[in-house]
$ cat query-v1.txt   # compact mmCIF, N, CA and C atoms
# COMPACT_ATOMS: atom_id res chain seq x y z
N MET A 12 177.88 -1.12 98.31
CA MET A 12 178.91 -1.67 99.17
C MET A 12 179.21 -3.12 98.84
N GLY A 13 178.18 -3.89 98.55
CA GLY A 13 178.35 -5.26 98.12
C GLY A 13 179.13 -6.13 99.09
N MET A 14 178.66 -6.27 100.32
CA MET A 14 179.35 -7.08 101.32
C MET A 14 178.54 -8.33 101.64
N LYS A 15 179.23 -9.39 102.04
CA LYS A 15 178.55 -10.58 102.54
C LYS A 15 178.47 -10.46 104.06
N CYS A 16 177.55 -11.22 104.68
CA CYS A 16 177.33 -11.08 106.11
C CYS A 16 178.08 -12.15 106.89
N ASN A 17 179.20 -11.79 107.45
CA ASN A 17 179.94 -12.64 108.37
C ASN A 17 180.88 -11.74 109.16
N LYS A 18 181.69 -12.34 110.02
CA LYS A 18 182.58 -11.56 110.88
C LYS A 18 183.54 -10.69 110.07
N THR A 19 184.10 -11.26 109.01
CA THR A 19 185.02 -10.51 108.16
C THR A 19 184.31 -9.33 107.52
N VAL A 20 183.08 -9.54 107.08
CA VAL A 20 182.30 -8.46 106.49
C VAL A 20 182.02 -7.39 107.53
N GLY A 21 181.68 -7.80 108.75
CA GLY A 21 181.44 -6.84 109.82
C GLY A 21 182.67 -5.98 110.08
N ASN A 22 183.83 -6.61 110.16
CA ASN A 22 185.07 -5.86 110.37
C ASN A 22 185.35 -4.95 109.18
N GLY A 23 185.06 -5.44 107.97
CA GLY A 23 185.24 -4.62 106.78
C GLY A 23 184.34 -3.40 106.79
N PHE A 24 183.11 -3.57 107.25
CA PHE A 24 182.18 -2.45 107.33
C PHE A 24 182.68 -1.42 108.34
N GLU A 25 183.21 -1.86 109.47
CA GLU A 25 183.75 -0.93 110.46
C GLU A 25 184.86 -0.08 109.85
N ILE A 26 185.76 -0.72 109.13
CA ILE A 26 186.86 0.01 108.50
C ILE A 26 186.33 0.99 107.46
N LYS A 27 185.44 0.51 106.61
CA LYS A 27 184.86 1.36 105.56
C LYS A 27 184.07 2.52 106.17
N PHE A 28 183.34 2.25 107.25
CA PHE A 28 182.54 3.31 107.86
C PHE A 28 183.43 4.39 108.47
N CYS A 29 184.56 4.02 109.03
CA CYS A 29 185.51 5.03 109.52
C CYS A 29 185.98 5.91 108.38
N GLU A 30 186.25 5.30 107.24
CA GLU A 30 186.67 6.07 106.06
C GLU A 30 185.57 7.03 105.62
N ILE A 31 184.33 6.55 105.61
CA ILE A 31 183.19 7.39 105.21
C ILE A 31 183.04 8.57 106.18
N LEU A 32 183.13 8.28 107.48
CA LEU A 32 183.04 9.35 108.48
C LEU A 32 184.14 10.38 108.26
N SER A 33 185.35 9.92 108.04
CA SER A 33 186.49 10.81 107.83
C SER A 33 186.26 11.71 106.62
N GLU A 34 185.74 11.14 105.54
CA GLU A 34 185.44 11.93 104.35
C GLU A 34 184.41 13.01 104.63
N ASP A 35 183.57 12.79 105.64
CA ASP A 35 182.54 13.76 106.00
C ASP A 35 182.94 14.65 107.17
N GLY A 36 184.24 14.76 107.44
CA GLY A 36 184.73 15.72 108.41
C GLY A 36 184.79 15.25 109.86
N PHE A 37 184.65 13.96 110.09
CA PHE A 37 184.76 13.42 111.44
C PHE A 37 186.19 12.91 111.66
N TRP A 38 186.64 12.98 112.89
CA TRP A 38 187.79 12.19 113.32
C TRP A 38 187.16 10.89 113.78
N ALA A 39 187.63 9.78 113.25
CA ALA A 39 187.01 8.49 113.58
C ALA A 39 188.08 7.48 113.93
N HIS A 40 187.87 6.78 115.03
CA HIS A 40 188.81 5.75 115.48
C HIS A 40 188.07 4.42 115.56
N ASN A 41 188.59 3.44 114.85
CA ASN A 41 188.04 2.09 114.88
C ASN A 41 188.72 1.34 116.02
N MET A 42 187.95 0.92 116.99
CA MET A 42 188.50 0.15 118.10
C MET A 42 188.58 -1.30 117.64
N ALA A 43 189.73 -1.65 117.08
CA ALA A 43 189.92 -2.97 116.46
C ALA A 43 189.47 -4.09 117.38
N GLN A 44 188.87 -5.11 116.77
CA GLN A 44 188.36 -6.27 117.49
C GLN A 44 189.48 -6.98 118.25
N LYS A 45 189.26 -7.19 119.50
CA LYS A 45 190.17 -7.97 120.33
C LYS A 45 189.45 -9.27 120.70
N SER A 46 190.20 -10.23 121.19
CA SER A 46 189.59 -11.52 121.53
C SER A 46 188.52 -11.36 122.61
N GLU A 47 188.71 -10.41 123.52
CA GLU A 47 187.72 -10.21 124.57
C GLU A 47 186.57 -9.30 124.13
N GLY A 48 186.64 -8.80 122.90
CA GLY A 48 185.58 -7.95 122.39
C GLY A 48 185.70 -6.53 122.90
N GLN A 49 184.89 -5.66 122.37
CA GLN A 49 184.84 -4.28 122.82
C GLN A 49 183.39 -3.83 122.83
N PRO A 50 183.08 -2.82 123.63
CA PRO A 50 181.68 -2.43 123.78
C PRO A 50 181.13 -1.57 122.64
N ALA A 51 181.96 -1.12 121.74
CA ALA A 51 181.51 -0.36 120.58
C ALA A 51 182.61 -0.45 119.54
N ASP A 52 182.29 -0.09 118.32
CA ASP A 52 183.25 -0.23 117.24
C ASP A 52 184.01 1.05 116.94
N ILE A 53 183.34 2.19 117.05
CA ILE A 53 183.95 3.44 116.61
C ILE A 53 183.65 4.55 117.60
N ILE A 54 184.66 5.37 117.86
CA ILE A 54 184.46 6.66 118.52
C ILE A 54 184.78 7.69 117.45
N ALA A 55 183.83 8.60 117.23
CA ALA A 55 184.01 9.64 116.24
C ALA A 55 183.81 11.00 116.90
N MET A 56 184.48 12.01 116.37
CA MET A 56 184.35 13.38 116.89
C MET A 56 184.16 14.32 115.71
N ARG A 57 183.31 15.30 115.93
CA ARG A 57 183.14 16.37 114.95
C ARG A 57 182.61 17.58 115.69
N ASN A 58 183.28 18.71 115.53
CA ASN A 58 182.88 19.97 116.18
C ASN A 58 182.70 19.79 117.69
N ASN A 59 183.65 19.12 118.32
CA ASN A 59 183.67 18.91 119.77
C ASN A 59 182.51 18.07 120.29
N ILE A 60 181.90 17.28 119.45
CA ILE A 60 180.85 16.36 119.88
C ILE A 60 181.35 14.94 119.61
N GLY A 61 181.26 14.10 120.64
CA GLY A 61 181.69 12.71 120.51
C GLY A 61 180.52 11.80 120.18
N TYR A 62 180.79 10.82 119.33
CA TYR A 62 179.78 9.86 118.90
C TYR A 62 180.30 8.45 119.17
N LEU A 63 179.57 7.69 119.92
CA LEU A 63 179.89 6.28 120.15
C LEU A 63 179.02 5.48 119.18
N ILE A 64 179.67 4.70 118.31
CA ILE A 64 178.95 4.03 117.23
C ILE A 64 179.30 2.55 117.20
N ASP A 65 178.29 1.72 117.12
CA ASP A 65 178.49 0.31 116.88
C ASP A 65 177.98 0.00 115.48
N CYS A 66 178.74 -0.78 114.75
CA CYS A 66 178.40 -1.12 113.36
C CYS A 66 177.81 -2.53 113.30
N LYS A 67 176.75 -2.67 112.56
CA LYS A 67 176.13 -3.98 112.37
C LYS A 67 175.79 -4.17 110.90
N VAL A 68 176.12 -5.32 110.37
CA VAL A 68 175.72 -5.70 109.02
C VAL A 68 174.44 -6.51 109.15
N CYS A 69 173.43 -6.11 108.40
CA CYS A 69 172.11 -6.74 108.46
C CYS A 69 171.83 -7.41 107.11
N ALA A 70 171.99 -8.72 107.06
CA ALA A 70 171.88 -9.45 105.80
C ALA A 70 170.50 -9.35 105.19
N ASP A 71 169.46 -9.36 106.03
CA ASP A 71 168.10 -9.35 105.50
C ASP A 71 167.38 -8.02 105.74
N ASP A 72 168.15 -6.94 105.87
CA ASP A 72 167.59 -5.60 106.09
C ASP A 72 166.73 -5.51 107.34
N SER A 73 167.07 -6.33 108.35
CA SER A 73 166.41 -6.21 109.65
C SER A 73 167.47 -6.37 110.73
N PHE A 74 167.14 -5.86 111.92
CA PHE A 74 168.08 -5.91 113.04
C PHE A 74 167.36 -6.43 114.27
N ASP A 75 167.88 -7.49 114.84
CA ASP A 75 167.35 -8.08 116.07
C ASP A 75 168.12 -7.46 117.23
N THR A 76 167.41 -6.80 118.13
CA THR A 76 168.07 -6.09 119.22
C THR A 76 168.79 -7.04 120.19
N SER A 77 168.53 -8.35 120.09
CA SER A 77 169.29 -9.29 120.92
C SER A 77 170.77 -9.31 120.52
N ARG A 78 171.09 -8.73 119.36
CA ARG A 78 172.49 -8.62 118.94
C ARG A 78 173.25 -7.55 119.74
N ILE A 79 172.53 -6.73 120.50
CA ILE A 79 173.19 -5.75 121.37
C ILE A 79 173.63 -6.50 122.62
N GLU A 80 174.93 -6.59 122.82
CA GLU A 80 175.48 -7.38 123.91
C GLU A 80 175.44 -6.62 125.23
N PRO A 81 175.45 -7.34 126.37
CA PRO A 81 175.40 -6.67 127.67
C PRO A 81 176.49 -5.61 127.85
N ASN A 82 177.72 -5.89 127.38
CA ASN A 82 178.78 -4.89 127.54
C ASN A 82 178.51 -3.66 126.67
N GLN A 83 177.76 -3.82 125.59
CA GLN A 83 177.41 -2.66 124.77
C GLN A 83 176.36 -1.81 125.48
N HIS A 84 175.39 -2.45 126.12
CA HIS A 84 174.43 -1.69 126.92
C HIS A 84 175.15 -0.90 128.01
N SER A 85 176.10 -1.54 128.69
CA SER A 85 176.85 -0.87 129.76
C SER A 85 177.65 0.31 129.23
N ALA A 86 178.32 0.11 128.11
CA ALA A 86 179.14 1.19 127.53
C ALA A 86 178.28 2.36 127.08
N MET A 87 177.13 2.05 126.49
CA MET A 87 176.24 3.12 126.05
C MET A 87 175.73 3.93 127.24
N ALA A 88 175.42 3.24 128.34
CA ALA A 88 174.97 3.93 129.56
C ALA A 88 176.08 4.79 130.14
N LEU A 89 177.29 4.24 130.21
CA LEU A 89 178.42 4.99 130.76
C LEU A 89 178.76 6.20 129.89
N TRP A 90 178.68 6.03 128.59
CA TRP A 90 178.93 7.14 127.65
C TRP A 90 178.01 8.31 127.99
N LYS A 91 176.73 8.02 128.23
CA LYS A 91 175.77 9.08 128.56
C LYS A 91 176.04 9.65 129.95
N GLU A 92 176.35 8.79 130.90
CA GLU A 92 176.64 9.26 132.27
C GLU A 92 177.82 10.23 132.29
N GLN A 93 178.73 10.10 131.34
CA GLN A 93 179.90 10.96 131.28
C GLN A 93 179.64 12.26 130.52
N GLY A 94 178.37 12.52 130.21
CA GLY A 94 178.00 13.79 129.59
C GLY A 94 177.89 13.76 128.07
N ASN A 95 178.01 12.59 127.49
CA ASN A 95 177.85 12.45 126.04
C ASN A 95 176.43 11.96 125.76
N ASP A 96 175.88 12.32 124.63
CA ASP A 96 174.53 11.89 124.34
C ASP A 96 174.41 11.19 123.00
N GLU A 97 175.44 11.18 122.20
CA GLU A 97 175.36 10.64 120.86
C GLU A 97 175.79 9.17 120.83
N ARG A 98 174.79 8.29 120.90
CA ARG A 98 175.03 6.84 120.91
C ARG A 98 174.25 6.24 119.76
N TRP A 99 174.97 5.65 118.82
CA TRP A 99 174.35 5.25 117.56
C TRP A 99 174.74 3.85 117.13
N PHE A 100 173.89 3.28 116.31
CA PHE A 100 174.20 2.06 115.58
C PHE A 100 174.19 2.42 114.10
N ALA A 101 175.27 2.07 113.42
CA ALA A 101 175.35 2.22 111.97
C ALA A 101 174.97 0.85 111.40
N LEU A 102 173.84 0.79 110.74
CA LEU A 102 173.35 -0.47 110.19
C LEU A 102 173.59 -0.49 108.69
N TYR A 103 174.40 -1.44 108.24
CA TYR A 103 174.55 -1.63 106.80
C TYR A 103 173.50 -2.65 106.38
N LEU A 104 172.51 -2.20 105.61
CA LEU A 104 171.44 -3.06 105.13
C LEU A 104 171.89 -3.66 103.80
N LYS A 105 172.23 -4.92 103.87
CA LYS A 105 172.86 -5.59 102.72
C LYS A 105 171.94 -5.63 101.51
N GLN A 106 170.69 -6.03 101.68
CA GLN A 106 169.78 -6.15 100.53
C GLN A 106 169.56 -4.80 99.85
N SER A 107 169.42 -3.74 100.65
CA SER A 107 169.16 -2.41 100.11
C SER A 107 170.44 -1.68 99.73
N ASP A 108 171.58 -2.17 100.23
CA ASP A 108 172.88 -1.53 100.05
C ASP A 108 172.83 -0.08 100.54
N GLU A 109 172.32 0.07 101.78
CA GLU A 109 172.17 1.38 102.41
C GLU A 109 172.76 1.35 103.82
N ILE A 110 173.18 2.52 104.29
CA ILE A 110 173.60 2.68 105.68
C ILE A 110 172.56 3.55 106.38
N TRP A 111 172.05 3.05 107.48
CA TRP A 111 171.09 3.79 108.31
C TRP A 111 171.67 3.98 109.70
N MET A 112 171.42 5.13 110.28
CA MET A 112 171.84 5.42 111.64
C MET A 112 170.60 5.36 112.54
N VAL A 113 170.68 4.52 113.57
CA VAL A 113 169.58 4.40 114.53
C VAL A 113 170.18 4.63 115.91
N SER A 114 169.56 5.51 116.67
CA SER A 114 170.08 5.81 118.00
C SER A 114 169.88 4.62 118.94
N TYR A 115 170.79 4.49 119.86
CA TYR A 115 170.68 3.46 120.89
C TYR A 115 169.35 3.61 121.63
N ASP A 116 168.98 4.85 121.95
CA ASP A 116 167.73 5.10 122.69
C ASP A 116 166.51 4.59 121.92
N SER A 117 166.52 4.70 120.60
CA SER A 117 165.40 4.21 119.81
C SER A 117 165.24 2.71 119.98
N PHE A 118 166.36 1.99 119.97
CA PHE A 118 166.27 0.54 120.16
C PHE A 118 165.74 0.20 121.54
N VAL A 119 166.25 0.87 122.55
CA VAL A 119 165.89 0.55 123.93
C VAL A 119 164.48 0.99 124.27
N ASN A 120 164.09 2.17 123.82
CA ASN A 120 162.81 2.75 124.23
C ASN A 120 161.62 2.34 123.37
N SER A 121 161.86 1.75 122.22
CA SER A 121 160.76 1.43 121.31
C SER A 121 159.92 0.24 121.78
N GLY A 122 160.54 -0.64 122.57
CA GLY A 122 159.84 -1.85 122.98
C GLY A 122 159.82 -2.93 121.91
N LYS A 123 160.45 -2.66 120.77
CA LYS A 123 160.48 -3.61 119.67
C LYS A 123 161.70 -4.52 119.81
N LYS A 124 161.54 -5.78 119.46
CA LYS A 124 162.67 -6.74 119.52
C LYS A 124 163.40 -6.83 118.18
N VAL A 125 162.64 -6.75 117.10
CA VAL A 125 163.23 -6.83 115.77
C VAL A 125 162.80 -5.61 114.97
N PHE A 126 163.78 -4.97 114.36
CA PHE A 126 163.52 -3.81 113.52
C PHE A 126 163.64 -4.25 112.07
N ASN A 127 162.49 -4.30 111.36
CA ASN A 127 162.53 -4.57 109.93
C ASN A 127 162.85 -3.25 109.22
N TYR A 128 162.90 -3.29 107.90
CA TYR A 128 163.24 -2.09 107.15
C TYR A 128 162.31 -0.92 107.48
N ASN A 129 161.01 -1.19 107.60
CA ASN A 129 160.06 -0.11 107.89
C ASN A 129 160.35 0.53 109.24
N LEU A 130 160.65 -0.28 110.26
CA LEU A 130 160.97 0.29 111.57
C LEU A 130 162.32 1.00 111.56
N ILE A 131 163.29 0.45 110.86
CA ILE A 131 164.59 1.12 110.76
C ILE A 131 164.41 2.49 110.12
N SER A 132 163.61 2.56 109.06
CA SER A 132 163.41 3.85 108.40
C SER A 132 162.53 4.79 109.23
N TYR A 133 161.68 4.24 110.09
CA TYR A 133 160.85 5.08 110.97
C TYR A 133 161.69 5.68 112.10
N TYR A 134 162.49 4.84 112.76
CA TYR A 134 163.27 5.28 113.92
C TYR A 134 164.63 5.86 113.54
N GLY A 135 165.14 5.50 112.39
CA GLY A 135 166.49 5.90 112.02
C GLY A 135 166.53 7.00 110.98
N LYS A 136 167.76 7.26 110.54
CA LYS A 136 168.00 8.26 109.52
C LYS A 136 168.96 7.67 108.50
N PRO A 137 168.72 7.92 107.21
CA PRO A 137 169.73 7.52 106.23
C PRO A 137 171.04 8.23 106.59
N TYR A 138 172.16 7.58 106.34
CA TYR A 138 173.45 8.14 106.74
C TYR A 138 173.61 9.59 106.28
N GLU A 139 173.29 9.88 105.03
CA GLU A 139 173.50 11.24 104.49
C GLU A 139 172.69 12.28 105.27
N LYS A 140 171.47 11.94 105.63
CA LYS A 140 170.64 12.88 106.43
C LYS A 140 171.22 13.03 107.83
N TRP A 141 171.68 11.92 108.44
CA TRP A 141 172.27 11.97 109.77
C TRP A 141 173.47 12.90 109.76
N VAL A 142 174.35 12.77 108.76
CA VAL A 142 175.53 13.64 108.68
C VAL A 142 175.12 15.09 108.60
N SER A 143 174.09 15.39 107.81
CA SER A 143 173.66 16.79 107.65
C SER A 143 173.14 17.38 108.95
N LEU A 144 172.69 16.51 109.87
CA LEU A 144 172.17 16.99 111.16
C LEU A 144 173.25 17.09 112.24
N CYS A 145 174.42 16.55 111.96
CA CYS A 145 175.53 16.63 112.92
C CYS A 145 176.17 18.01 112.79
N VAL A 146 176.00 18.83 113.83
CA VAL A 146 176.48 20.21 113.77
C VAL A 146 177.99 20.31 113.70

$ encode --input "query-v1.txt" --output "structure tokens"
Amino acid sequence: MGMKCNKTVGNGFEIKFCEILSEDGFWAHNMAQKSEGQPADIIAMRNNIGYLIDCKVCADDSFDTSRIEPNQHSAMALWKEQGNDERWFALYLKQSDEIWMVSYDSFVNSGKKVFNYNLISYYGKPYEKWVSLCV
């Protein structure tokens, strides 16, 4: 992917990730960044299952859960309350040039504040494996 880590790169990853999802049979909508922000980046659908996905670029192949904003916690909770269960973070690991999918629940329930590469690979799934598990 070869991206640098900044706001423009984050927006670029969101756009690219929608394209990747589409190539893998998902309908994917990028909720473009507004000045007031949004609680997630992408809503995707495949086989009548909805996926709420937030994209994060991780420059050093680690993710600090403090990057999950209060409105994102609220949106993830509401998504589940409405009968959906697929809440994910798509992490672009810049150093490894890999995309990993980690569920929102893994971040919240693990008790960990920072996920290094080992924790991301323990709790998450490489994108290709995640797609193969999406019915």

$ atom_distance --input "query-v1.txt" --atom1 "atom N of Tyr134 of chain A" --atom2 "atom CA of Ala70 of chain A"
18.5 Å

$ closest_residue --input "query-v1.txt" --among "A:Asn129, A:Tyr62, A:Gly135, A:Cys29" --to "Ser117 of chain A" --atoms "only N, CA and C atoms"
A:Gly135

$ closest_residue --input "query-v1.txt" --among "A:Phe126, A:Phe74, A:Phe118, A:Trp99" --to "Tyr138 of chain A" --atoms "only C-alpha atoms"
A:Trp99

$ closest_residue --input "query-v1.txt" --among "A:Val113, A:Leu63, A:Val68, A:Ile79" --to "Asp96 of chain A" --atoms "all atoms listed in the file"
A:Leu63

$ atom_distance --input "query-v1.txt" --atom1 "atom N of Ser73 of chain A" --atom2 "atom N of Tyr128 of chain A"
5.2 Å

$ atom_distance --input "query-v1.txt" --atom1 "atom N of Glu34 of chain A" --atom2 "atom C of Pro81 of chain A"
29.4 Å

$ closest_residue --input "query-v1.txt" --among "A:Asn22, A:Asp72, A:Ile64, A:Val119" --to "Ser107 of chain A" --atoms "all atoms listed in the file"
A:Asp72

$ select_by_dssp --input "query-v1.txt" --residues "segment 71-115 of chain A" --states "alpha helix (DSSP H)" --output "list of chain:residue names"
A:Pro81, A:Asn82, A:Gln83, A:His84, A:Ser85, A:Ala86, A:Met87, A:Ala88, A:Leu89, A:Trp90, A:Lys91, A:Glu92, A:Tyr115

$ closest_residue --input "query-v1.txt" --among "A:Cys69, A:Ala39, A:Leu32, A:Ile131" --to "Met112 of chain A" --atoms "all atoms listed in the file"
A:Ile131

$ select_by_dssp --input "query-v1.txt" --residues "segment 70-111 of chain A" --states "strand (DSSP E or B)" --output "list in words"
Phe74, Asp75, Glu97, Arg98, Trp99, Phe100, Ala101, Leu102, Tyr103, Leu104, Glu109, Ile110 and Trp111 of chain A

$ build_atoms --input "query-v1.txt" --residues "segment 43-68 of chain A" --atoms "N, CA, C and O atoms" --output "PDB file, in the frame of the given file"
ATOM      1  N   ALA A  43     189.730  -1.650 117.080  1.00  0.00           N
ATOM      2  CA  ALA A  43     189.920  -2.970 116.460  1.00  0.00           C
ATOM      3  C   ALA A  43     189.470  -4.090 117.380  1.00  0.00           C
ATOM      4  O   ALA A  43     189.680  -4.053 118.592  1.00  0.00           O
ATOM      5  N   GLN A  44     188.870  -5.110 116.770  1.00  0.00           N
ATOM      6  CA  GLN A  44     188.360  -6.270 117.490  1.00  0.00           C
ATOM      7  C   GLN A  44     189.480  -6.980 118.250  1.00  0.00           C
ATOM      8  O   GLN A  44     190.501  -7.313 117.682  1.00  0.00           O
ATOM      9  N   LYS A  45     189.260  -7.190 119.500  1.00  0.00           N
ATOM     10  CA  LYS A  45     190.170  -7.970 120.330  1.00  0.00           C
ATOM     11  C   LYS A  45     189.450  -9.270 120.700  1.00  0.00           C
ATOM     12  O   LYS A  45     188.248  -9.377 120.586  1.00  0.00           O
ATOM     13  N   SER A  46     190.200 -10.230 121.190  1.00  0.00           N
ATOM     14  CA  SER A  46     189.590 -11.520 121.530  1.00  0.00           C
ATOM     15  C   SER A  46     188.520 -11.360 122.610  1.00  0.00           C
ATOM     16  O   SER A  46     187.532 -12.072 122.606  1.00  0.00           O
ATOM     17  N   GLU A  47     188.710 -10.410 123.520  1.00  0.00           N
ATOM     18  CA  GLU A  47     187.720 -10.210 124.570  1.00  0.00           C
ATOM     19  C   GLU A  47     186.570  -9.300 124.130  1.00  0.00           C
ATOM     20  O   GLU A  47     185.635  -9.068 124.872  1.00  0.00           O
ATOM     21  N   GLY A  48     186.640  -8.800 122.900  1.00  0.00           N
ATOM     22  CA  GLY A  48     185.580  -7.950 122.390  1.00  0.00           C
ATOM     23  C   GLY A  48     185.700  -6.530 122.900  1.00  0.00           C
ATOM     24  O   GLY A  48     186.530  -6.218 123.751  1.00  0.00           O
ATOM     25  N   GLN A  49     184.890  -5.660 122.370  1.00  0.00           N
ATOM     26  CA  GLN A  49     184.840  -4.280 122.820  1.00  0.00           C
ATOM     27  C   GLN A  49     183.390  -3.830 122.830  1.00  0.00           C
ATOM     28  O   GLN A  49     182.578  -4.401 122.123  1.00  0.00           O
ATOM     29  N   PRO A  50     183.080  -2.820 123.630  1.00  0.00           N
ATOM     30  CA  PRO A  50     181.680  -2.430 123.780  1.00  0.00           C
ATOM     31  C   PRO A  50     181.130  -1.570 122.640  1.00  0.00           C
ATOM     32  O   PRO A  50     179.936  -1.326 122.591  1.00  0.00           O
ATOM     33  N   ALA A  51     181.960  -1.120 121.740  1.00  0.00           N
ATOM     34  CA  ALA A  51     181.510  -0.360 120.580  1.00  0.00           C
ATOM     35  C   ALA A  51     182.610  -0.450 119.540  1.00  0.00           C
ATOM     36  O   ALA A  51     183.738  -0.854 119.848  1.00  0.00           O
ATOM     37  N   ASP A  52     182.290  -0.090 118.320  1.00  0.00           N
ATOM     38  CA  ASP A  52     183.250  -0.230 117.240  1.00  0.00           C
ATOM     39  C   ASP A  52     184.010   1.050 116.940  1.00  0.00           C
ATOM     40  O   ASP A  52     185.194   1.011 116.618  1.00  0.00           O
ATOM     41  N   ILE A  53     183.340   2.190 117.050  1.00  0.00           N
ATOM     42  CA  ILE A  53     183.950   3.440 116.610  1.00  0.00           C
ATOM     43  C   ILE A  53     183.650   4.550 117.600  1.00  0.00           C
ATOM     44  O   ILE A  53     182.529   4.671 118.109  1.00  0.00           O
ATOM     45  N   ILE A  54     184.660   5.370 117.860  1.00  0.00           N
ATOM     46  CA  ILE A  54     184.460   6.660 118.520  1.00  0.00           C
ATOM     47  C   ILE A  54     184.780   7.690 117.450  1.00  0.00           C
ATOM     48  O   ILE A  54     185.836   7.653 116.828  1.00  0.00           O
ATOM     49  N   ALA A  55     183.830   8.600 117.230  1.00  0.00           N
ATOM     50  CA  ALA A  55     184.010   9.640 116.240  1.00  0.00           C
ATOM     51  C   ALA A  55     183.810  11.000 116.900  1.00  0.00           C
ATOM     52  O   ALA A  55     183.063  11.109 117.882  1.00  0.00           O
ATOM     53  N   MET A  56     184.480  12.010 116.370  1.00  0.00           N
ATOM     54  CA  MET A  56     184.350  13.380 116.890  1.00  0.00           C
ATOM     55  C   MET A  56     184.160  14.320 115.710  1.00  0.00           C
ATOM     56  O   MET A  56     184.784  14.141 114.659  1.00  0.00           O
ATOM     57  N   ARG A  57     183.310  15.300 115.930  1.00  0.00           N
ATOM     58  CA  ARG A  57     183.140  16.370 114.950  1.00  0.00           C
ATOM     59  C   ARG A  57     182.610  17.580 115.690  1.00  0.00           C
ATOM     60  O   ARG A  57     181.636  17.471 116.435  1.00  0.00           O
ATOM     61  N   ASN A  58     183.280  18.710 115.530  1.00  0.00           N
ATOM     62  CA  ASN A  58     182.880  19.970 116.180  1.00  0.00           C
ATOM     63  C   ASN A  58     182.700  19.790 117.690  1.00  0.00           C
ATOM     64  O   ASN A  58     181.706  20.233 118.253  1.00  0.00           O
ATOM     65  N   ASN A  59     183.650  19.120 118.320  1.00  0.00           N
ATOM     66  CA  ASN A  59     183.670  18.910 119.770  1.00  0.00           C
ATOM     67  C   ASN A  59     182.510  18.070 120.290  1.00  0.00           C
ATOM     68  O   ASN A  59     182.185  18.147 121.483  1.00  0.00           O
ATOM     69  N   ILE A  60     181.900  17.280 119.450  1.00  0.00           N
ATOM     70  CA  ILE A  60     180.850  16.360 119.880  1.00  0.00           C
ATOM     71  C   ILE A  60     181.350  14.940 119.610  1.00  0.00           C
ATOM     72  O   ILE A  60     181.803  14.635 118.511  1.00  0.00           O
ATOM     73  N   GLY A  61     181.260  14.100 120.640  1.00  0.00           N
ATOM     74  CA  GLY A  61     181.690  12.710 120.510  1.00  0.00           C
ATOM     75  C   GLY A  61     180.520  11.800 120.180  1.00  0.00           C
ATOM     76  O   GLY A  61     179.409  11.996 120.672  1.00  0.00           O
ATOM     77  N   TYR A  62     180.790  10.820 119.330  1.00  0.00           N
ATOM     78  CA  TYR A  62     179.780   9.860 118.900  1.00  0.00           C
ATOM     79  C   TYR A  62     180.300   8.450 119.170  1.00  0.00           C
ATOM     80  O   TYR A  62     181.384   8.107 118.700  1.00  0.00           O
ATOM     81  N   LEU A  63     179.570   7.690 119.920  1.00  0.00           N
ATOM     82  CA  LEU A  63     179.890   6.280 120.150  1.00  0.00           C
ATOM     83  C   LEU A  63     179.020   5.480 119.180  1.00  0.00           C
ATOM     84  O   LEU A  63     177.795   5.591 119.200  1.00  0.00           O
ATOM     85  N   ILE A  64     179.670   4.700 118.310  1.00  0.00           N
ATOM     86  CA  ILE A  64     178.950   4.030 117.230  1.00  0.00           C
ATOM     87  C   ILE A  64     179.300   2.550 117.200  1.00  0.00           C
ATOM     88  O   ILE A  64     180.479   2.180 117.246  1.00  0.00           O
ATOM     89  N   ASP A  65     178.290   1.720 117.120  1.00  0.00           N
ATOM     90  CA  ASP A  65     178.490   0.310 116.880  1.00  0.00           C
ATOM     91  C   ASP A  65     177.980   0.000 115.480  1.00  0.00           C
ATOM     92  O   ASP A  65     176.929   0.487 115.081  1.00  0.00           O
ATOM     93  N   CYS A  66     178.740  -0.780 114.750  1.00  0.00           N
ATOM     94  CA  CYS A  66     178.400  -1.120 113.360  1.00  0.00           C
ATOM     95  C   CYS A  66     177.810  -2.530 113.300  1.00  0.00           C
ATOM     96  O   CYS A  66     178.338  -3.447 113.920  1.00  0.00           O
ATOM     97  N   LYS A  67     176.750  -2.670 112.560  1.00  0.00           N
ATOM     98  CA  LYS A  67     176.130  -3.980 112.370  1.00  0.00           C
ATOM     99  C   LYS A  67     175.790  -4.170 110.900  1.00  0.00           C
ATOM    100  O   LYS A  67     175.251  -3.259 110.253  1.00  0.00           O
ATOM    101  N   VAL A  68     176.120  -5.320 110.370  1.00  0.00           N
ATOM    102  CA  VAL A  68     175.720  -5.700 109.020  1.00  0.00           C
ATOM    103  C   VAL A  68     174.440  -6.510 109.150  1.00  0.00           C
ATOM    104  O   VAL A  68     174.369  -7.460 109.919  1.00  0.00           O
TER     105      VAL A  68
END
